[in-house]
Amino acid sequence: MSSANPLLDFVLIHADNSLILSQRLSEWCGHGPVLEQDMALTNIALDHIGRARLLYQYAAELDGTGKTEDDFAFVRDELDYKNVLLAEYPNVDFAYTILRQFFMDSFYIDFLDKMVLSTDTRLSQIANKSLKETQYHYKWSKDWVIRLGDGTEVSHQKIQTALNRLWEYHGELVVPSDAEKIMIAQKIAPDFEEIKALRTQRILETFAEANLTTPSNPWQQSGGKKGYHSEHFGFLLTEMQFMQRAYPGLDW
Amino acid sequence: MTETKINTSRTENAKKILHEVYDPEIPVLSVLDLGVIRSIREVGEILEVDITPTYSACPAMKVIEMSVQAALDQAGLGPVKINTVLDPVWTTDWMSAEGKVKLLEYGIAPPQLSARIKNLSLGNTTISCPQCASTNTVCISEFGSTACKALYKCKDCLEPFDYFKCH
Ligand SMILES: [Zn+2]
C-alpha cells in the first residue's frame with residue numbers, strides 16, 4: 001500500500017527492513033553455534049532495533065496523525081510493512097543467516113555512505129549514525145561467507161545451498177520503488193544504479209574469495225516494498241506483535 | 001528572545017556534578033569521560049544539557065539520561081532539560097585521556113585508533129592485553145558483552161579481555 005507521502009514510504013521501507021531483520025536475528029538468541037557468534041547475531045539485531053527506532057520516530061512526525069514509533073512497529077497489518085522479502089526470509093540455518101546478512105550489509109554499506117549526503121538533514125544524520133555500525137556488520141558477514149565457503153566440504157556445501165536459494169532475493173534492495181524514485185529525483189535518496197554497481201562488485205569479489213559459484217539465474221523476487229509478503233511473514237508478525245495485540249497500549 | 005549562556009557558575013557546577021555520574025555498564029567512566037555530553041548551557045531559567053547516544057540502541061542511554069537529570073536536580077541546579085542530539089555523531093575520539101587510563105586500569109583495552117580513519121581496519125589493529133601488556137593478542141569476536149566492546153584473548157597470559165572498539 002502506498003500513501004500520498006513518498007518520504008514517509010521511503011522511511012518506512014528502511015525502518016521495516018531493520019525491524020524485521022532484527023526480529024529474525026533475535027530468534028538466534030541462545031541458539032547461536034558458539035557463544036561469541038550468538039552475541040554477534042544479537043548485537044547486530046540490537047543495532048538494527050536502534051536504527052528502526054530512529055526511523056520510526058521520524059515516520060511518526062512525518063505522519064502527523066499522533067501515531068508513535070510503537071504504533072508503526074507493532075500495530076500495522078501485513079500489507080502496511082514495506083520491508084524487502086530478503087529481510088523476512090527465515091533463518092533456516094547459520095549459512096542462510098550469514099548470507100542474508102551479507103546481502104543486506106553489502107547494500108547498506110554503500111547506501112548509508114551516500115545517504116549521509118541526503119538533502120534531508122534528519123535522514124543524513126541517521127545514516128551517519130548507522131554507517132559505522134553497518135561497517136562492523138559487513139566485515140562480520142563477509143568474513144563468515146568466506147570462512148564457510150572456503151572452509152570444510154560441509155560448510156561449503158551449506159553456504160552454496162543458501163546462496164542458490166537466496167540469490168533471487170538479493171536484487172529487490174537495489175530496485176527503487178515508486179516512492180524511492182521520487183526520493184532519488186529530489187536527492188533525498190542516492191542514485192541506486194551507482195549503489196547497485198558497487199554492491200555487485202562487493203558480492204562477486206567475496207564469492208570468488210569464498211570459492212562460491214554465483215548463480216546465473218537473473219530472475220529476482222519483488223513485492224515486499226509494495227506490501228506483498230511471503231508466506232513466512234504472517235507468522236513473524238504474529239510473534240512480534242503478540243504483546244501489543246493481546247494487551248493494547250501495554251507499557252513498561 | 002531568551003538568552004543562552006555558557007561557562008556560567010551554574011554550568012561549571014553542573015560539569016563538576018557530571019564528573020560523578022557514571023556509565024551504568026562501565027562504572028569507571030563518567031558521562032564526561034565517555035564524551036556523550038555535548039553541551040551544557042543556561043537558556044533563560046533552564047539548564048539545558050545535550051546528550052548524544054553512543055550506539056543507536058545502547059540500552060544504557062536511557063539510564064544515563066535519567067542519572068544526569070537526577071544528579072543535576074539533586075544538586076539544586078534545576079530546572080533541567082535534556083536534549084538528545086544525533087549530529088555530529090558520537091565517536092570514541094571524544095573519550096577523555098583520563099577515561100582511557102581508567103578503562104585500562106579497569107581491565108578493558110581502550111580504543112586504539114582514531115575512528116576518523118575511513119576504512120576501519122577492524123580486527124587488524126594490535127591491541128595490548130590490559131592484564132600483562134603483551135601485544136600477542138587475538139580478536140575472538142568483534143561483538144562483545146555490550147555494543148561498544150569486542151572480545152579479545154591474550155596468547156601470553158591466556159586471559160580473555162574486552163576491547164572498547166573504535167567508533
Ligand atoms: Zn595478557
# chains A, B, ... in the order shown; residues from 1 in each chain; ligands from 1

call {"tool": "interface_residues", "arguments": {"of": "chain A", "to": "chain B", "cutoff": "10 Å", "atoms": "only C-alpha atoms", "output": "PDB file with N, CA, C and O atoms, in the first residue's frame"}}
result
ATOM      1  N   LEU A  35      29.057 -19.298  21.543  1.00  0.00           N
ATOM      2  CA  LEU A  35      28.647 -18.139  22.340  1.00  0.00           C
ATOM      3  C   LEU A  35      29.002 -16.812  21.654  1.00  0.00           C
ATOM      4  O   LEU A  35      28.190 -15.895  21.587  1.00  0.00           O
ATOM      5  N   GLU A  36      30.240 -16.727  21.120  1.00  0.00           N
ATOM      6  CA  GLU A  36      30.683 -15.456  20.529  1.00  0.00           C
ATOM      7  C   GLU A  36      29.799 -15.072  19.339  1.00  0.00           C
ATOM      8  O   GLU A  36      29.528 -13.902  19.114  1.00  0.00           O
ATOM      9  N   GLN A  37      29.374 -16.053  18.561  1.00  0.00           N
ATOM     10  CA  GLN A  37      28.562 -15.745  17.385  1.00  0.00           C
ATOM     11  C   GLN A  37      27.103 -15.512  17.771  1.00  0.00           C
ATOM     12  O   GLN A  37      26.393 -14.755  17.107  1.00  0.00           O
ATOM     13  N   ASP A  38      26.674 -16.128  18.834  1.00  0.00           N
ATOM     14  CA  ASP A  38      25.352 -15.834  19.380  1.00  0.00           C
ATOM     15  C   ASP A  38      25.311 -14.358  19.763  1.00  0.00           C
ATOM     16  O   ASP A  38      24.355 -13.625  19.444  1.00  0.00           O
ATOM     17  N   MET A  39      26.394 -13.883  20.399  1.00  0.00           N
ATOM     18  CA  MET A  39      26.463 -12.479  20.806  1.00  0.00           C
ATOM     19  C   MET A  39      26.575 -11.553  19.597  1.00  0.00           C
ATOM     20  O   MET A  39      26.001 -10.458  19.598  1.00  0.00           O
ATOM     21  N   ALA A  40      27.292 -11.989  18.580  1.00  0.00           N
ATOM     22  CA  ALA A  40      27.405 -11.159  17.371  1.00  0.00           C
ATOM     23  C   ALA A  40      26.028 -10.984  16.740  1.00  0.00           C
ATOM     24  O   ALA A  40      25.615  -9.868  16.404  1.00  0.00           O
ATOM     25  N   LEU A  41      25.294 -12.087  16.587  1.00  0.00           N
ATOM     26  CA  LEU A  41      23.973 -12.032  15.961  1.00  0.00           C
ATOM     27  C   LEU A  41      23.030 -11.105  16.728  1.00  0.00           C
ATOM     28  O   LEU A  41      22.306 -10.305  16.137  1.00  0.00           O
ATOM     29  N   THR A  42      23.071 -11.204  18.052  1.00  0.00           N
ATOM     30  CA  THR A  42      22.138 -10.396  18.842  1.00  0.00           C
ATOM     31  C   THR A  42      22.611  -8.944  18.943  1.00  0.00           C
ATOM     32  O   THR A  42      21.795  -8.030  19.033  1.00  0.00           O
ATOM     33  N   ASN A  43      23.926  -8.723  18.902  1.00  0.00           N
ATOM     34  CA  ASN A  43      24.429  -7.333  18.847  1.00  0.00           C
ATOM     35  C   ASN A  43      23.978  -6.652  17.558  1.00  0.00           C
ATOM     36  O   ASN A  43      23.596  -5.481  17.555  1.00  0.00           O
ATOM     37  N   ILE A  44      24.043  -7.386  16.463  1.00  0.00           N
ATOM     38  CA  ILE A  44      23.620  -6.821  15.178  1.00  0.00           C
ATOM     39  C   ILE A  44      22.113  -6.560  15.207  1.00  0.00           C
ATOM     40  O   ILE A  44      21.632  -5.524  14.745  1.00  0.00           O
ATOM     41  N   ALA A  45      21.380  -7.494  15.805  1.00  0.00           N
ATOM     42  CA  ALA A  45      19.929  -7.295  15.962  1.00  0.00           C
ATOM     43  C   ALA A  45      19.656  -6.009  16.739  1.00  0.00           C
ATOM     44  O   ALA A  45      18.787  -5.209  16.369  1.00  0.00           O
ATOM     45  N   LEU A  46      20.430  -5.786  17.788  1.00  0.00           N
ATOM     46  CA  LEU A  46      20.231  -4.601  18.633  1.00  0.00           C
ATOM     47  C   LEU A  46      20.516  -3.313  17.854  1.00  0.00           C
ATOM     48  O   LEU A  46      19.766  -2.344  17.941  1.00  0.00           O
ATOM     49  N   ASP A  47      21.600  -3.310  17.090  1.00  0.00           N
ATOM     50  CA  ASP A  47      21.903  -2.130  16.265  1.00  0.00           C
ATOM     51  C   ASP A  47      20.734  -1.812  15.334  1.00  0.00           C
ATOM     52  O   ASP A  47      20.381  -0.649  15.119  1.00  0.00           O
ATOM     53  N   HIS A  48      20.142  -2.867  14.756  1.00  0.00           N
ATOM     54  CA  HIS A  48      19.038  -2.633  13.826  1.00  0.00           C
ATOM     55  C   HIS A  48      17.778  -2.136  14.533  1.00  0.00           C
ATOM     56  O   HIS A  48      17.011  -1.371  13.961  1.00  0.00           O
ATOM     57  N   ILE A  49      17.556  -2.567  15.762  1.00  0.00           N
ATOM     58  CA  ILE A  49      16.419  -2.035  16.532  1.00  0.00           C
ATOM     59  C   ILE A  49      16.619  -0.541  16.743  1.00  0.00           C
ATOM     60  O   ILE A  49      15.685   0.255  16.603  1.00  0.00           O
ATOM     61  N   GLY A  50      17.859  -0.166  17.089  1.00  0.00           N
ATOM     62  CA  GLY A  50      18.147   1.250  17.312  1.00  0.00           C
ATOM     63  C   GLY A  50      17.887   2.068  16.064  1.00  0.00           C
ATOM     64  O   GLY A  50      17.287   3.144  16.109  1.00  0.00           O
ATOM     65  N   ARG A  51      18.330   1.539  14.933  1.00  0.00           N
ATOM     66  CA  ARG A  51      18.138   2.230  13.665  1.00  0.00           C
ATOM     67  C   ARG A  51      16.641   2.326  13.339  1.00  0.00           C
ATOM     68  O   ARG A  51      16.147   3.367  12.927  1.00  0.00           O
ATOM     69  N   ALA A  52      15.920   1.218  13.530  1.00  0.00           N
ATOM     70  CA  ALA A  52      14.475   1.217  13.254  1.00  0.00           C
ATOM     71  C   ALA A  52      13.779   2.268  14.114  1.00  0.00           C
ATOM     72  O   ALA A  52      12.918   3.007  13.637  1.00  0.00           O
ATOM     73  N   ARG A  53      14.199   2.383  15.376  1.00  0.00           N
ATOM     74  CA  ARG A  53      13.553   3.364  16.265  1.00  0.00           C
ATOM     75  C   ARG A  53      13.752   4.788  15.755  1.00  0.00           C
ATOM     76  O   ARG A  53      12.816   5.575  15.714  1.00  0.00           O
ATOM     77  N   LEU A  54      14.997   5.110  15.387  1.00  0.00           N
ATOM     78  CA  LEU A  54      15.265   6.469  14.878  1.00  0.00           C
ATOM     79  C   LEU A  54      14.392   6.764  13.660  1.00  0.00           C
ATOM     80  O   LEU A  54      13.865   7.863  13.504  1.00  0.00           O
ATOM     81  N   THR A 121      18.039  16.501   6.150  1.00  0.00           N
ATOM     82  CA  THR A 121      19.016  16.554   7.243  1.00  0.00           C
ATOM     83  C   THR A 121      18.839  15.407   8.241  1.00  0.00           C
ATOM     84  O   THR A 121      19.809  14.784   8.672  1.00  0.00           O
ATOM     85  N   ARG A 122      17.596  15.132   8.581  1.00  0.00           N
ATOM     86  CA  ARG A 122      17.338  14.100   9.578  1.00  0.00           C
ATOM     87  C   ARG A 122      17.833  12.742   9.077  1.00  0.00           C
ATOM     88  O   ARG A 122      18.495  11.998   9.809  1.00  0.00           O
ATOM     89  N   SER A 124      20.073  12.202   6.821  1.00  0.00           N
ATOM     90  CA  SER A 124      21.523  12.264   6.731  1.00  0.00           C
ATOM     91  C   SER A 124      22.156  11.939   8.092  1.00  0.00           C
ATOM     92  O   SER A 124      23.114  11.176   8.189  1.00  0.00           O
ATOM     93  N   GLN A 125      21.589  12.502   9.143  1.00  0.00           N
ATOM     94  CA  GLN A 125      22.123  12.246  10.488  1.00  0.00           C
ATOM     95  C   GLN A 125      21.948  10.783  10.900  1.00  0.00           C
ATOM     96  O   GLN A 125      22.856  10.175  11.474  1.00  0.00           O
ATOM     97  N   ILE A 126      20.776  10.236  10.598  1.00  0.00           N
ATOM     98  CA  ILE A 126      20.524   8.838  10.969  1.00  0.00           C
ATOM     99  C   ILE A 126      21.472   7.919  10.191  1.00  0.00           C
ATOM    100  O   ILE A 126      22.025   6.962  10.729  1.00  0.00           O
ATOM    101  N   ALA A 127      21.697   8.242   8.911  1.00  0.00           N
ATOM    102  CA  ALA A 127      22.605   7.434   8.093  1.00  0.00           C
ATOM    103  C   ALA A 127      24.023   7.487   8.651  1.00  0.00           C
ATOM    104  O   ALA A 127      24.706   6.471   8.766  1.00  0.00           O
ATOM    105  N   ASN A 128      24.438   8.668   9.047  1.00  0.00           N
ATOM    106  CA  ASN A 128      25.782   8.844   9.592  1.00  0.00           C
ATOM    107  C   ASN A 128      25.951   8.026  10.868  1.00  0.00           C
ATOM    108  O   ASN A 128      26.994   7.413  11.104  1.00  0.00           O
ATOM    109  N   LYS A 129      24.891   8.013  11.672  1.00  0.00           N
ATOM    110  CA  LYS A 129      24.910   7.244  12.922  1.00  0.00           C
ATOM    111  C   LYS A 129      24.973   5.739  12.620  1.00  0.00           C
ATOM    112  O   LYS A 129      25.657   4.984  13.295  1.00  0.00           O
ATOM    113  N   SER A 130      24.244   5.302  11.594  1.00  0.00           N
ATOM    114  CA  SER A 130      24.118   3.866  11.306  1.00  0.00           C
ATOM    115  C   SER A 130      25.307   3.315  10.532  1.00  0.00           C
ATOM    116  O   SER A 130      25.597   2.122  10.601  1.00  0.00           O
ATOM    117  N   LYS A 132      28.624   3.516  10.704  1.00  0.00           N
ATOM    118  CA  LYS A 132      29.736   2.866  11.402  1.00  0.00           C
ATOM    119  C   LYS A 132      29.315   1.487  11.901  1.00  0.00           C
ATOM    120  O   LYS A 132      30.103   0.558  11.908  1.00  0.00           O
ATOM    121  N   GLU A 133      28.061   1.383  12.313  1.00  0.00           N
ATOM    122  CA  GLU A 133      27.565   0.085  12.788  1.00  0.00           C
ATOM    123  C   GLU A 133      27.540  -0.915  11.633  1.00  0.00           C
ATOM    124  O   GLU A 133      27.976  -2.061  11.778  1.00  0.00           O
ATOM    125  N   GLN A 135      29.367  -0.904   9.008  1.00  0.00           N
ATOM    126  CA  GLN A 135      30.729  -1.299   8.622  1.00  0.00           C
ATOM    127  C   GLN A 135      31.192  -2.515   9.428  1.00  0.00           C
ATOM    128  O   GLN A 135      31.823  -3.418   8.890  1.00  0.00           O
ATOM    129  N   TYR A 136      30.840  -2.538  10.703  1.00  0.00           N
ATOM    130  CA  TYR A 136      31.167  -3.715  11.524  1.00  0.00           C
ATOM    131  C   TYR A 136      30.354  -4.941  11.094  1.00  0.00           C
ATOM    132  O   TYR A 136      30.874  -6.056  11.032  1.00  0.00           O
ATOM    133  N   HIS A 137      29.067  -4.734  10.798  1.00  0.00           N
ATOM    134  CA  HIS A 137      28.225  -5.865  10.374  1.00  0.00           C
ATOM    135  C   HIS A 137      28.767  -6.473   9.072  1.00  0.00           C
ATOM    136  O   HIS A 137      28.837  -7.684   8.927  1.00  0.00           O
ATOM    137  N   LYS A 139      31.775  -6.344   7.783  1.00  0.00           N
ATOM    138  CA  LYS A 139      33.033  -7.065   7.960  1.00  0.00           C
ATOM    139  C   LYS A 139      32.752  -8.476   8.500  1.00  0.00           C
ATOM    140  O   LYS A 139      33.315  -9.464   8.050  1.00  0.00           O
ATOM    141  N   TRP A 140      31.829  -8.545   9.440  1.00  0.00           N
ATOM    142  CA  TRP A 140      31.496  -9.817  10.076  1.00  0.00           C
ATOM    143  C   TRP A 140      30.839 -10.778   9.073  1.00  0.00           C
ATOM    144  O   TRP A 140      31.251 -11.930   8.937  1.00  0.00           O
TER     145      TRP A 140
END

call {"tool": "select_by_dssp", "arguments": {"residues": "segment 16-82 of chain A", "states": "helix (DSSP H, G or I)", "output": "NGL selection string"}}
result
:A and (16-26 or 35-63 or 69-74 or 78-80)

call {"tool": "closest_atom_pairs", "arguments": {"of": "chain B", "to": "ligand 1", "cutoff": "12 Å", "atoms": "only C-alpha atoms and all ligand atoms", "output": "CSV"}}
result
residue,atom,partner,partner_atom_place_in_ligand_line,distance
B:Gly107,CA,ligand 1,1 (Zn),10.5
B:Ile108,CA,ligand 1,1 (Zn),11.8
B:Ala109,CA,ligand 1,1 (Zn),11.0
B:Ile127,CA,ligand 1,1 (Zn),10.5
B:Ser128,CA,ligand 1,1 (Zn),7.7
B:Cys129,CA,ligand 1,1 (Zn),4.6
B:Pro130,CA,ligand 1,1 (Zn),6.7
B:Gln131,CA,ligand 1,1 (Zn),5.0
B:Cys132,CA,ligand 1,1 (Zn),4.2
B:Ala133,CA,ligand 1,1 (Zn),6.0
B:Ser134,CA,ligand 1,1 (Zn),5.4
B:Thr135,CA,ligand 1,1 (Zn),8.0
B:Asn136,CA,ligand 1,1 (Zn),7.8
B:Thr137,CA,ligand 1,1 (Zn),7.6
B:Val138,CA,ligand 1,1 (Zn),10.6
B:Tyr152,CA,ligand 1,1 (Zn),10.1
B:Lys153,CA,ligand 1,1 (Zn),7.7
B:Cys154,CA,ligand 1,1 (Zn),4.5
B:Lys155,CA,ligand 1,1 (Zn),6.7
B:Asp156,CA,ligand 1,1 (Zn),5.3
B:Cys157,CA,ligand 1,1 (Zn),4.1
B:Leu158,CA,ligand 1,1 (Zn),6.1
B:Glu159,CA,ligand 1,1 (Zn),5.8
B:Pro160,CA,ligand 1,1 (Zn),8.1
B:Phe161,CA,ligand 1,1 (Zn),8.6
B:Asp162,CA,ligand 1,1 (Zn),11.8

call {"tool": "residues_around", "arguments": {"residues": "Ala73 of chain A", "least_positions_apart": "2", "cutoff": "12 Å", "atoms": "only C-alpha atoms", "output": "JSON, numbers by chain"}}
result
{"A": [12, 15, 16, 17, 18, 19, 20, 22, 23, 49, 52, 53, 54, 55, 56, 57, 59, 60, 67, 68, 69, 70, 71, 75, 76, 77, 78, 80, 81, 82, 83, 237, 240, 241, 242, 243, 244, 245]}

call {"tool": "write_last_selection", "arguments": {"atoms": "N, CA, C and O atoms", "output": "short mmCIF file (atom, residue, chain, number, x, y, z; two decimals), in the first residue's frame"}}
result
data_model
loop_
_atom_site.label_atom_id
_atom_site.label_comp_id
_atom_site.auth_asym_id
_atom_site.auth_seq_id
_atom_site.Cartn_x
_atom_site.Cartn_y
_atom_site.Cartn_z
N LEU A 12 9.77 4.27 5.79
CA LEU A 12 9.23 3.00 6.30
C LEU A 12 9.90 1.78 5.66
O LEU A 12 10.08 0.76 6.32
N ALA A 15 13.06 1.50 7.70
CA ALA A 15 12.73 1.18 9.09
C ALA A 15 12.28 -0.27 9.18
O ALA A 15 12.72 -1.03 10.06
N ASP A 16 11.40 -0.67 8.27
CA ASP A 16 10.88 -2.04 8.29
C ASP A 16 11.98 -3.06 7.98
O ASP A 16 12.02 -4.13 8.59
N ASN A 17 12.87 -2.73 7.06
CA ASN A 17 14.00 -3.64 6.79
C ASN A 17 14.78 -3.91 8.08
O ASN A 17 15.11 -5.05 8.39
N SER A 18 15.04 -2.85 8.84
CA SER A 18 15.82 -3.02 10.07
C SER A 18 15.03 -3.78 11.13
O SER A 18 15.56 -4.68 11.78
N LEU A 19 13.77 -3.42 11.30
CA LEU A 19 12.98 -4.07 12.35
C LEU A 19 12.81 -5.57 12.07
O LEU A 19 12.98 -6.41 12.95
N ILE A 20 12.46 -5.89 10.83
CA ILE A 20 12.15 -7.28 10.51
C ILE A 20 13.42 -8.13 10.50
O ILE A 20 13.45 -9.25 11.01
N SER A 22 15.99 -7.51 12.28
CA SER A 22 16.32 -7.61 13.70
C SER A 22 15.50 -8.70 14.39
O SER A 22 16.03 -9.47 15.21
N GLN A 23 14.22 -8.77 14.04
CA GLN A 23 13.36 -9.81 14.62
C GLN A 23 13.89 -11.20 14.26
O GLN A 23 13.99 -12.08 15.10
N ILE A 49 17.56 -2.57 15.76
CA ILE A 49 16.42 -2.04 16.53
C ILE A 49 16.62 -0.54 16.74
O ILE A 49 15.68 0.25 16.60
N ALA A 52 15.92 1.22 13.53
CA ALA A 52 14.48 1.22 13.25
C ALA A 52 13.78 2.27 14.11
O ALA A 52 12.92 3.01 13.64
N ARG A 53 14.20 2.38 15.38
CA ARG A 53 13.55 3.36 16.26
C ARG A 53 13.75 4.79 15.76
O ARG A 53 12.82 5.58 15.71
N LEU A 54 15.00 5.11 15.39
CA LEU A 54 15.27 6.47 14.88
C LEU A 54 14.39 6.76 13.66
O LEU A 54 13.86 7.86 13.50
N LEU A 55 14.23 5.76 12.80
CA LEU A 55 13.44 5.96 11.58
C LEU A 55 11.94 6.01 11.88
O LEU A 55 11.22 6.83 11.31
N TYR A 56 11.47 5.17 12.77
CA TYR A 56 10.03 5.21 13.11
C TYR A 56 9.67 6.51 13.84
O TYR A 56 8.56 7.02 13.68
N GLN A 57 10.59 7.02 14.65
CA GLN A 57 10.32 8.30 15.32
C GLN A 57 10.13 9.40 14.27
O GLN A 57 9.23 10.23 14.38
N ALA A 59 9.22 8.80 11.13
CA ALA A 59 7.99 8.45 10.42
C ALA A 59 6.76 8.98 11.17
O ALA A 59 5.83 9.51 10.55
N ALA A 60 6.79 8.87 12.49
CA ALA A 60 5.66 9.33 13.29
C ALA A 60 5.47 10.84 13.13
O ALA A 60 4.34 11.34 13.03
N LYS A 67 0.36 9.12 15.66
CA LYS A 67 0.92 7.77 15.84
C LYS A 67 2.29 7.87 16.49
O LYS A 67 3.01 8.85 16.29
N THR A 68 2.68 6.82 17.22
CA THR A 68 4.00 6.78 17.83
C THR A 68 4.87 5.77 17.09
O THR A 68 4.38 5.00 16.27
N GLU A 69 6.17 5.75 17.45
CA GLU A 69 7.07 4.76 16.86
C GLU A 69 6.54 3.34 17.11
O GLU A 69 6.65 2.47 16.26
N ASP A 70 5.98 3.11 18.28
CA ASP A 70 5.47 1.77 18.61
C ASP A 70 4.28 1.38 17.74
O ASP A 70 4.11 0.21 17.39
N ASP A 71 3.43 2.34 17.40
CA ASP A 71 2.29 2.04 16.51
C ASP A 71 2.82 1.52 15.17
O ASP A 71 2.28 0.57 14.61
N VAL A 75 1.53 -2.30 15.46
CA VAL A 75 0.10 -2.47 15.19
C VAL A 75 -0.30 -2.20 13.74
O VAL A 75 -1.45 -1.89 13.46
N ARG A 76 0.64 -2.35 12.85
CA ARG A 76 0.24 -2.29 11.43
C ARG A 76 -0.06 -3.71 10.95
O ARG A 76 0.35 -4.69 11.55
N ASP A 77 -0.76 -3.77 9.83
CA ASP A 77 -1.06 -5.08 9.25
C ASP A 77 -0.03 -5.41 8.17
O ASP A 77 0.71 -4.55 7.71
N GLU A 78 -0.06 -6.67 7.80
CA GLU A 78 0.95 -7.20 6.88
C GLU A 78 1.18 -6.32 5.64
O GLU A 78 2.31 -6.04 5.27
N ASP A 80 0.90 -3.27 5.24
CA ASP A 80 1.48 -1.95 5.51
C ASP A 80 3.01 -1.99 5.67
O ASP A 80 3.66 -0.95 5.64
N TYR A 81 3.55 -3.17 5.87
CA TYR A 81 5.02 -3.29 6.02
C TYR A 81 5.67 -3.28 4.64
O TYR A 81 5.19 -3.94 3.73
N LYS A 82 6.76 -2.55 4.53
CA LYS A 82 7.39 -2.34 3.23
C LYS A 82 8.78 -2.94 3.13
O LYS A 82 9.54 -2.63 2.21
N ASN A 83 9.14 -3.81 4.07
CA ASN A 83 10.47 -4.41 4.03
C ASN A 83 10.62 -5.35 2.84
O ASN A 83 9.65 -5.94 2.37
N LEU A 237 5.00 -11.79 12.14
CA LEU A 237 4.24 -10.69 12.76
C LEU A 237 3.45 -11.17 13.97
O LEU A 237 3.35 -10.47 14.97
N MET A 240 5.88 -11.26 16.76
CA MET A 240 6.44 -9.94 17.09
C MET A 240 5.38 -9.01 17.69
O MET A 240 5.67 -8.21 18.56
N GLN A 241 4.14 -9.15 17.21
CA GLN A 241 3.11 -8.20 17.63
C GLN A 241 2.26 -8.73 18.79
O GLN A 241 1.36 -8.02 19.26
N PHE A 242 2.54 -9.93 19.24
CA PHE A 242 1.64 -10.59 20.20
C PHE A 242 1.27 -9.69 21.38
O PHE A 242 0.10 -9.50 21.71
N MET A 243 2.30 -9.12 22.01
CA MET A 243 2.06 -8.37 23.25
C MET A 243 1.13 -7.18 23.03
O MET A 243 0.19 -6.96 23.80
N GLN A 244 1.39 -6.43 21.94
CA GLN A 244 0.56 -5.24 21.69
C GLN A 244 -0.84 -5.60 21.19
O GLN A 244 -1.78 -4.82 21.37
N ARG A 245 -0.97 -6.75 20.56
CA ARG A 245 -2.31 -7.18 20.11
C ARG A 245 -3.12 -7.70 21.30
O ARG A 245 -4.32 -7.46 21.40
#

call {"tool": "atom_distance", "arguments": {"atom1": "atom CA of Val21 of chain B", "atom2": "atom CA of Thr2 of chain B"}}
result
28.8 Å

call {"tool": "closest_residue", "arguments": {"among": "B:Thr52, B:Tyr163, B:Leu47, B:Lys62", "to": "Leu104 of chain B", "atoms": "only C-alpha atoms"}}
result
B:Tyr163

call {"tool": "residues_around", "arguments": {"residues": "Ser67 of chain B", "least_positions_apart": "2", "cutoff": "10 Å", "atoms": "only C-alpha atoms", "output": "list of chain:residue names"}}
result
B:Leu18, B:Val21, B:Tyr22, B:Asp23, B:Pro24, B:Val31, B:Met61, B:Lys62, B:Val63, B:Ile64, B:Glu65, B:Gln69, B:Ala70, B:Ala71, B:Leu72, B:Asp73

call {"tool": "residues_around", "arguments": {"residues": "Gly99 of chain B", "least_positions_apart": "2", "cutoff": "6 Å", "atoms": "only C-alpha atoms", "output": "list in words"}}
result
Leu29, Asp33, Ser96, Ala97, Val101 and Lys102 of chain B

call {"tool": "decode", "arguments": {"residues": "segment 203-207 of chain A", "atoms": "all heavy atoms", "output": "CSV table (one decimal), in the first residue's frame"}}
result
chain,number,residue,atom,x,y,z
A,203,ILE,N,29.9,-8.2,-4.0
A,203,ILE,CA,29.4,-9.6,-4.0
A,203,ILE,C,30.2,-10.5,-4.8
A,203,ILE,O,30.6,-11.6,-4.3
A,203,ILE,CB,27.9,-9.6,-4.5
A,203,ILE,CG1,26.9,-8.9,-3.5
A,203,ILE,CG2,27.4,-11.0,-4.8
A,203,ILE,CD1,25.5,-8.8,-4.0
A,204,LEU,N,30.6,-10.1,-6.0
A,204,LEU,CA,31.4,-11.0,-6.8
A,204,LEU,C,32.8,-11.3,-6.3
A,204,LEU,O,33.3,-12.4,-6.3
A,204,LEU,CB,31.4,-10.5,-8.3
A,204,LEU,CG,30.1,-10.4,-9.0
A,204,LEU,CD1,30.3,-9.8,-10.4
A,204,LEU,CD2,29.4,-11.7,-9.0
A,205,GLU,N,33.4,-10.2,-5.7
A,205,GLU,CA,34.7,-10.4,-5.1
A,205,GLU,C,34.7,-11.3,-4.0
A,205,GLU,O,35.5,-12.2,-3.8
A,205,GLU,CB,35.3,-9.0,-4.7
A,205,GLU,CG,35.9,-8.2,-5.8
A,205,GLU,CD,36.3,-6.8,-5.3
A,205,GLU,OE1,36.2,-6.5,-4.1
A,205,GLU,OE2,36.6,-6.0,-6.2
A,206,THR,N,33.7,-11.2,-3.1
A,206,THR,CA,33.5,-12.0,-1.9
A,206,THR,C,33.3,-13.5,-2.3
A,206,THR,O,33.9,-14.4,-1.7
A,206,THR,CB,32.4,-11.5,-1.0
A,206,THR,OG1,32.7,-10.1,-0.7
A,206,THR,CG2,32.3,-12.3,0.3
A,207,PHE,N,32.4,-13.7,-3.3
A,207,PHE,CA,32.1,-15.1,-3.6
A,207,PHE,C,33.3,-15.7,-4.3
A,207,PHE,O,33.5,-16.9,-4.1
A,207,PHE,CB,30.8,-15.1,-4.6
A,207,PHE,CG,29.5,-14.8,-3.9
A,207,PHE,CD1,28.4,-14.5,-4.6
A,207,PHE,CD2,29.5,-14.7,-2.5
A,207,PHE,CE1,27.2,-14.2,-4.0
A,207,PHE,CE2,28.3,-14.4,-1.8
A,207,PHE,CZ,27.1,-14.2,-2.6
